[in-house]
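One structure is given here, and the rest of the page talks about it.
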Amino acid sequence: MSTAASCFVWYELMAEDAEAAAAFYTRVFGWQASSAGPGTDYTILSVGRAPVAGLMAMPPQACAAGAVPSWVGYVGVDDVDAKAAEIAADGGMLRFPGTDMPGVGRFAVVTDPAGAPLVLFKPDMNAMRPQPLPPGTPGTVSWHELHGAEALAWHGRHFGWRGLDAMDMGARGAYQFFSTGEGPALGAMLRRLPEMPHPMWLYYISVASVSAAIERVGAAGGRIIMGPHPVPGGNLIAHGLDPQGVLFAMVGPGA
């Protein structure tokens, strides 16, 4: 888990059937699944020994709050409660208040003004911090795409993200690239399209071969709903639904 402020530091899947979800994603992306520890139902998904994401069954309070099975990203912040209050005062919403995870850190769940959720996170200073894997390593998230609103100014105020170039997508509007201000683009934002079920972040998982990954998706009971399509840089992308209907994306070479 990375700890850098304003960066995506963790990814988590809330599923209706956590055991079935673990079976699907380990088969498709080659992740190893292991328990987070005694007395917990949280599953750690790893590339080799490097943790890259978590998996849990949807808790009752999340269902009561209207959450649906989905992937969510954690963004590092310096002060979870102050950032959550700041976001709530600027058109966003606090969905789950600041809460401590002993030995891990403090988190809160918020949404932007369009309703796309994010988790604010500050790690426990004594928690273990594995070295992050190089960008593009198969099994890691390499692109972050907001389907909601062209909201760079809002996210810039709260996370310090900066706009890069924008690509004209015709009727789909602008595809606005953004970064943390250091290094290459972190992802892009665009207006939500009719086929997207609700405002959301879509996380692209790197694979060694999109064609081979697509075959694994079908064999594991999922289905591809978009792609494969070429993108600048020579890679292909594809969107899929897992057997529980959760949207995911992948990116990598075609062969």
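Naming scheme: A, B, ... for chains in displayed order of the structure tokens; residues 1 onward per chain; ligands 1 onward as shown.
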Using only C-alpha atoms, I'd like a table of the residues in region 225-253 of chain A that come within 10 Å of region 132-150 of chain A; for each, show the closest atom pair and its distance in Å rounded to one decimal, ordered by chain and ascending number, as a Markdown table.
```
| residue | atom | partner | partner_atom | distance |
| --- | --- | --- | --- | --- |
| A:Ala249 | CA | A:Trp143 | CA | 9.4 |
| A:Met250 | CA | A:Val141 | CA | 8.5 |
| A:Val251 | CA | A:Ser142 | CA | 8.1 |
| A:Gly252 | CA | A:Gly136 | CA | 8.2 |
```
**Report entry** 8 Å contact set for region 90-95 of chain A, only C-alpha atoms, chain neighbours under 5 positions out, as a list in words
**Finding:** Ala65, Ala84, Ala85, Ala108, Val109, Val110, Thr111, Asp112, Pro113, Ala114 and Gly115 of chain A
Write out, as CSV, each residue of region 160-204 of chain A that has an atom at most 12 Å from region 224-247 of chain A, together with the closest pair of atoms and their distance in Å to one decimal, counting only C-alpha atoms, rows going by chain and rising number.
```
residue,atom,partner,partner_atom,distance
A:Met167,CA,A:Pro232,CA,11.0
A:Glu195,CA,A:Ile225,CA,10.3
A:Met196,CA,A:Leu247,CA,9.4
A:Pro197,CA,A:Leu247,CA,9.5
A:His198,CA,A:Leu247,CA,11.2
A:Met200,CA,A:Leu247,CA,10.1
A:Trp201,CA,A:Leu247,CA,10.1
A:Leu202,CA,A:Leu247,CA,7.7
A:Tyr203,CA,A:Leu247,CA,9.2
A:Tyr204,CA,A:Ile237,CA,8.2
```
Selected residues, C-alpha atoms, written as a PDB file, in the first residue's frame, please.
```
ATOM      1  CA  MET A 167      -8.633  14.912 -25.907  1.00  0.00           C
ATOM      2  CA  GLU A 195     -24.179   3.198 -20.551  1.00  0.00           C
ATOM      3  CA  MET A 196     -22.466   3.859 -17.205  1.00  0.00           C
ATOM      4  CA  PRO A 197     -24.850   2.828 -14.390  1.00  0.00           C
ATOM      5  CA  HIS A 198     -23.965   5.742 -12.092  1.00  0.00           C
ATOM      6  CA  MET A 200     -18.074   6.217 -10.720  1.00  0.00           C
ATOM      7  CA  TRP A 201     -14.340   5.730 -10.974  1.00  0.00           C
ATOM      8  CA  LEU A 202     -13.196   2.945 -13.297  1.00  0.00           C
ATOM      9  CA  TYR A 203      -9.832   1.378 -12.470  1.00  0.00           C
ATOM     10  CA  TYR A 204      -7.746  -0.194 -15.249  1.00  0.00           C
TER      11      TYR A 204
END
```
**Report entry** Pick from A:Gly160, A:Pro60, A:Pro199, A:Gly54, whichever lies nearest to Ala21 (chain A) using only C-alpha atoms
**Finding:** A:Gly54
Requested in this report: Give me the residues within 9 Å of Phe159 (chain A) as JSON, numbers by chain, counting only C-alpha atoms and dropping any in the same chain fewer than 2 places off.
Outcome: {"A": [5, 6, 7, 75, 76, 77, 154, 155, 156, 157, 161, 180]}
Requested in this report: Write out as a VMD selection string the residues lying within 9 Å of Phe24 (chain A), counting only C-alpha atoms and excluding same-chain residues fewer than 4 positions away.
Outcome: chain A and resid 19 to 20 28 to 29 217 220 to 222 242 to 243
Query raised in the report: Please, which residues of region 41-181 of chain A, numbered as in this document, come out helix (DSSP H, G or I) from DSSP, as a PyMOL selection string?
Result: chain A and resi 60-64+80-88+152-159+170-172
Serialized selection, N, CA, C and O atoms, as a compact mmCIF listing (two decimals), in the first residue's frame:
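Result saved to part_18.txt:
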```
# COMPACT_ATOMS: atom_id res chain seq x y z
N PRO A 60 -23.54 -4.65 6.15
CA PRO A 60 -24.94 -4.20 6.20
C PRO A 60 -25.09 -2.68 6.15
O PRO A 60 -26.01 -2.17 5.51
N GLN A 61 -24.17 -1.95 6.82
CA GLN A 61 -24.31 -0.50 6.83
C GLN A 61 -24.08 0.10 5.45
O GLN A 61 -24.66 1.12 5.10
N ALA A 62 -23.24 -0.55 4.64
CA ALA A 62 -23.01 -0.06 3.28
C ALA A 62 -24.26 -0.30 2.43
O ALA A 62 -24.67 0.56 1.65
N CYS A 63 -24.87 -1.46 2.61
CA CYS A 63 -26.11 -1.75 1.87
C CYS A 63 -27.20 -0.76 2.26
O CYS A 63 -27.95 -0.26 1.41
N ALA A 64 -27.30 -0.47 3.57
CA ALA A 64 -28.32 0.45 4.06
C ALA A 64 -28.11 1.86 3.51
O ALA A 64 -29.07 2.61 3.33
N VAL A 80 -7.82 12.82 7.61
CA VAL A 80 -9.06 12.25 7.06
C VAL A 80 -10.27 13.08 7.43
O VAL A 80 -11.11 13.41 6.58
N ASP A 81 -10.42 13.43 8.70
CA ASP A 81 -11.63 14.12 9.15
C ASP A 81 -11.71 15.54 8.60
O ASP A 81 -12.79 16.00 8.20
N ALA A 82 -10.58 16.25 8.57
CA ALA A 82 -10.58 17.60 8.03
C ALA A 82 -10.89 17.59 6.54
O ALA A 82 -11.66 18.42 6.04
N LYS A 83 -10.34 16.63 5.81
CA LYS A 83 -10.59 16.55 4.37
C LYS A 83 -12.04 16.17 4.10
O LYS A 83 -12.67 16.71 3.18
N ALA A 84 -12.59 15.27 4.89
CA ALA A 84 -13.99 14.89 4.71
C ALA A 84 -14.91 16.07 4.95
O ALA A 84 -15.88 16.28 4.20
N ALA A 85 -14.63 16.87 5.98
CA ALA A 85 -15.45 18.05 6.26
C ALA A 85 -15.33 19.07 5.15
O ALA A 85 -16.31 19.70 4.74
N GLU A 86 -14.13 19.23 4.64
CA GLU A 86 -13.87 20.17 3.54
C GLU A 86 -14.67 19.76 2.29
O GLU A 86 -15.28 20.60 1.63
N ILE A 87 -14.67 18.48 2.00
CA ILE A 87 -15.39 17.98 0.83
C ILE A 87 -16.90 18.14 1.01
O ILE A 87 -17.61 18.57 0.09
N ALA A 88 -17.40 17.82 2.20
CA ALA A 88 -18.84 17.95 2.45
C ALA A 88 -19.30 19.40 2.35
O ALA A 88 -20.45 19.66 1.97
N LEU A 152 -12.48 18.66 -12.86
CA LEU A 152 -11.08 18.81 -12.51
C LEU A 152 -10.87 19.92 -11.48
O LEU A 152 -10.07 19.76 -10.55
N ALA A 153 -11.58 21.04 -11.62
CA ALA A 153 -11.39 22.15 -10.69
C ALA A 153 -11.74 21.71 -9.27
O ALA A 153 -11.02 22.04 -8.31
N TRP A 154 -12.83 20.98 -9.12
CA TRP A 154 -13.24 20.52 -7.78
C TRP A 154 -12.20 19.57 -7.19
O TRP A 154 -11.78 19.74 -6.05
N HIS A 155 -11.78 18.58 -7.95
CA HIS A 155 -10.79 17.64 -7.45
C HIS A 155 -9.44 18.32 -7.22
O HIS A 155 -8.70 17.94 -6.31
N GLY A 156 -9.13 19.31 -8.04
CA GLY A 156 -7.90 20.05 -7.84
C GLY A 156 -7.88 20.77 -6.51
O GLY A 156 -6.84 20.83 -5.84
N ARG A 157 -9.02 21.34 -6.12
CA ARG A 157 -9.08 22.04 -4.82
C ARG A 157 -8.82 21.09 -3.66
O ARG A 157 -8.21 21.48 -2.66
N HIS A 158 -9.30 19.88 -3.77
CA HIS A 158 -9.25 18.96 -2.62
C HIS A 158 -8.07 17.99 -2.63
O HIS A 158 -7.65 17.53 -1.57
N PHE A 159 -7.55 17.68 -3.82
CA PHE A 159 -6.45 16.72 -3.89
C PHE A 159 -5.20 17.27 -4.57
O PHE A 159 -4.20 16.57 -4.67
N GLY A 170 -15.55 14.10 -29.35
CA GLY A 170 -16.77 14.37 -30.09
C GLY A 170 -17.97 14.44 -29.19
O GLY A 170 -18.00 15.20 -28.21
N ALA A 171 -18.98 13.62 -29.48
CA ALA A 171 -20.22 13.64 -28.71
C ALA A 171 -20.00 13.23 -27.25
O ALA A 171 -20.81 13.55 -26.38
N ARG A 172 -18.90 12.55 -27.00
CA ARG A 172 -18.60 12.12 -25.63
C ARG A 172 -17.98 13.24 -24.80
O ARG A 172 -17.77 13.09 -23.61
```
Query raised in the report: Got a sec to tell me which of region 2-194 of chain A DSSP assigns to strand (DSSP E or B), as JSON, numbers by chain?
Result: {"A": [5, 8, 9, 10, 11, 12, 13, 14, 15, 32, 33, 34, 35, 43, 44, 45, 46, 47, 50, 51, 52, 53, 54, 55, 56, 57, 70, 71, 72, 73, 74, 75, 76, 93, 94, 95, 96, 97, 98, 99, 100, 101, 105, 106, 107, 108, 109, 110, 111, 117, 118, 119, 120, 121, 122, 123, 141, 142, 143, 144, 145, 146, 147, 148, 162, 163, 164, 165, 166, 167, 168, 174, 175, 176, 177, 178, 179, 187, 188, 189, 190, 191]}
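Using only C-alpha atoms, the smallest distance between any of A:Val47, A:Ala15, A:Val9, A:Ala33 and Gly73 (chain A) comes from A:Val9.
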Query raised in the report: Nearest to Phe178 (chain A) among A:Leu164, A:Leu190, A:Val104, A:Val68, with distances taken over only C-alpha atoms: which residue is it?
Result: A:Leu164
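Distance-wise, CA of Asp78 (chain A) and CA of Ser206 (chain A) end up 28.4 Å apart.
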Query raised in the report: What does the distance from CA of Arg223 (chain A) to CA of Trp71 (chain A) come to in Å, to one decimal?
Result: 16.7 Å
